[in-house]
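**Student:** Starting off with a structure, shown below.
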Amino acid sequence: MTEPITWTCTGCALLCEDILVYIKDNRIEKVEHACLKGKARVYGCKHAATSTVDQKEVDVNNAISQAAEILEKAKNPLLYGWSNSTSEAQVAGIELAQTLGACIDSTSSFCQGITINEIINGNVPSCTLEDVREKADVLIYWGADPMSSHPRHLSRYSYFPRGELRQRGYEEDRTAICIDVTQSRTAKISKDMFFCIPPGGDAEFMRALMDGLAGRVPKLSFDFDIKRILELAAVLKKAEFGVIFAGLGLVYSIKEEFDLISEFMSTLNRFSNFFLIPMAGHFNMRGFNHNLHEETGYIHRVGFTKNGPVSGVEYSVVEQLKHGADAVLVVGSDPLASLPLSISRRLKDIPLILVDPCSNLSTRVADVTIPCGVSGIEVGGTATRLDGKKMDISPLIQGDGLSDEMIVRRIIEEVS
Amino acid sequence: MAFAVALLSRTKQYTECPPLMEEDKYIDSRQKLEIILKPMEGAEETGLIIHEELCSGCGNCVVACPVNVANDPHGSGRGFGPTNEKVIFRVENGKVKAANIEECRRFGKDRILCRACIDPCPTEAIEFV
């Protein structure tokens with residue numbers, strides 16, 4: 001057996017950097033320590049994308065030129081995706097949006113963007129996953145099921161490992177709490193600290209907890225044992241280092257009154273010491289938010305106008321696809337599979353350019369498809385973990401395709 | 001009764017019971033036993049069975065197993081992948097694998113009914129029979 005290479009996994013936003021990969025003759029033979037998601041990422045696409053124009057195979061240079069022509073002609077192009085790309089490709093994408101005067105948005109627009117915005121702007125305290133491992137004693141998985149979405153979350157960082165201040169790990173030093181609408185895999189780990197709430201009941205439960213923390217009797221419109229809320233409030237008060245892992249369940253439930261999150265964190269921190277970490281999914285979703293924020297001061301939904309960059313819901317991928325965009329460049333995402341049909345339907349009416357390593361549902365209808373190397377496997381660079389830590393990503397094998405950064409840079413050259 | 005206990009502790013096989021194997025009136029009982037004991041096929045000496053089709057490779061068992069922690073405190077004990085060959089559990093190609101089974105707390109004469117790898121498994125991929 002060949003000597004293994006230590007690799008940083010790009011299967012999800014945990015970016016586990018302890019993965020061992022055995023490679024022989026530029027082929028992956030075995031991967032150790034990675035979960036199933038990581039393993040699937042290492043072994044790459046089942047069906048690689050090919051370069052096409054109007055669904056006919058062409059040379060990649062022709063596909064790039066055609067993409068540049070479509071974007072140049074468009075009055076209101078949209079650049080979307082980016083969460084599966086390295087930060088270098090994302091920065092190039094922002095540059096292309098500036099050059100074209102386009103709208104740019106990522107999957108964070110309907111994911112954890114709203115939470116990351118609060119953290120970047122300092123409204124909600126956050127910490128690193130290393131802090132969690134070394135110090136955290138109370139862990140709340142709220143509307144999140146990391147055992148399904150980030151399989152190594154509990155074993156690598158949050159619940160099971162021994163930490164500097166948590167030498168007895170999960171057995172005595174840590175408490176896992178799960179608040180969710182269903183008994184998820186994470187809820188099973190939390191055992192009697194699983195709090196099952198009705199769909200949409202997160203805000204009410206949060207207010208009830210705040211009442212419990214303040215010593216008032218909580219009131220709820222749904223059937224729930226008040227004694228359990230008071231017991232939970234007591235656990236939270238005693239926490240030395242608490243962390244809330246906010247999942248999409250929580251974000252979607254309270255997005256209309258998101259200020260409640262910062263109010264809840266402030267209330268908690270009057271009694272103890274709590275931090276919040278968003279459960280970003282794609283490996284570099286948070287990276288896009290940070291990179292765009294550095295360039296424009298906004299984390300997503302940005303339009304580059306004559307007066308400079310502006311942000312608003314009208315520049316979001318959803319609104320732009322409903323009415324607005326007259327050409328779309330998608331990098332590292334499958335909009336037909338991930339967006340509701342009512343929104344993605346319009347992609348058949350406007351030119352769609354897809355940059356992706358794999359053949360997927362969207363490549364079947366794209367006007368132009370440009371294959372790229374898989375980020376983190378054939379293409380290296382940097383990425384930002386779900387807690388905001390920047391990580392280096394090394395390529396594992398030599399690929400045939402261009403990187404997504406190189407493709408975007410080539411488009412910039414042609415439209416400039 | 002003694003034979004039943006020996007059967008459960010896997011020191012004897014049901015095929016070692018002559019009446020069960022030879023007399024026609026025990027055919028039904030033999031078939032029932034075959035079904036009951038089927039899951040024990042392929043089990044390790046401790047009775048450990050890993051259902052690979054259920055495993056998601058999360059590594060909870062790798063980090064929770066007290067033997068893994070004792071033999072690899074700075075690797076498995078801290079949440080990393082194992083750093084030596086003395087551990088029982090490790091994840092390979094997205095599935096957990098067991099080795100060094102003689103180190104397991106359930107092994108040998110002074111065994112205890114440790115459940116440290118079963119309880120943290122969210123998919124019930126680990127079982128002792």
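To be explicit about the labels: the chains of the structure tokens are called A, B, and onward in the order shown, and within each one the residues are counted from 1, while ligands get numbers from 1 in the order they are shown.
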Env of segment 71-87 of chain B: 7 Å cut, atoms = only C-alpha atoms, seq-sep filter 3 positions within chain, self excluded. Answer as a list in words.

**Tutor:**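 Neighbouring residues, sequence-local ones excluded: Asp18, His33, Ser155, Arg156, Tyr157, Pro161, Arg162 and Gly163 of chain A; Val62, Val63, Val67, Asn68, Arg90 and Asn100 of chain B.
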
**Student:** Could you tell me which residues of chain B sit within 6 Å of chain A when counting only C-alpha atoms, and give me the result as a PDB file with C-alpha atoms, in the first residue's frame?

**Tutor:**
ATOM      1  CA  SER B  56     -22.820   6.559   7.837  1.00  0.00           C
ATOM      2  CA  GLY B  57     -19.183   6.660   8.930  1.00  0.00           C
ATOM      3  CA  CYS B  58     -19.866   9.387  11.509  1.00  0.00           C
ATOM      4  CA  GLY B  59     -17.156   7.998  13.781  1.00  0.00           C
ATOM      5  CA  ASN B  60     -19.142   8.391  17.018  1.00  0.00           C
ATOM      6  CA  GLY B  77      -9.880  10.462  22.200  1.00  0.00           C
ATOM      7  CA  ARG B  78      -9.710  14.002  20.811  1.00  0.00           C
ATOM      8  CA  GLY B  79     -12.076  13.419  17.905  1.00  0.00           C
ATOM      9  CA  GLY B  81      -9.137   9.710  13.116  1.00  0.00           C
ATOM     10  CA  VAL B  91     -13.624   4.336   9.534  1.00  0.00           C
ATOM     11  CA  GLU B  92     -12.491   3.162   6.102  1.00  0.00           C
ATOM     12  CA  ASN B  93     -14.180   4.176   2.857  1.00  0.00           C
ATOM     13  CA  GLY B  94     -17.051   5.730   4.804  1.00  0.00           C
ATOM     14  CA  PRO B 122     -27.604   6.990  15.514  1.00  0.00           C
TER      15      PRO B 122
END

**Student:** Mind listing the strand (DSSP E or B) residues of segment 142-257 of chain A, per DSSP on the backbone, as a list in words?

**Tutor:**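 Secondary structure check on segment 142-257 of chain A, strand (DSSP E or B): Trp142, Thr175, Ala176, Ile177, Cys178, Ile179, Asp180, Phe194, Phe195, Cys196, Gly242, Val243, Ile244, Phe245 and Ala246 of chain A.
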
**Student:** Could you check how far atom CA of Ser359 of chain A sits from atom CA of Met391 of chain A, in Å to one decimal?

**Tutor:**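 Atom CA of Met391 of chain A lies at a distance of 27.7 Å from atom CA of Ser359 of chain A.
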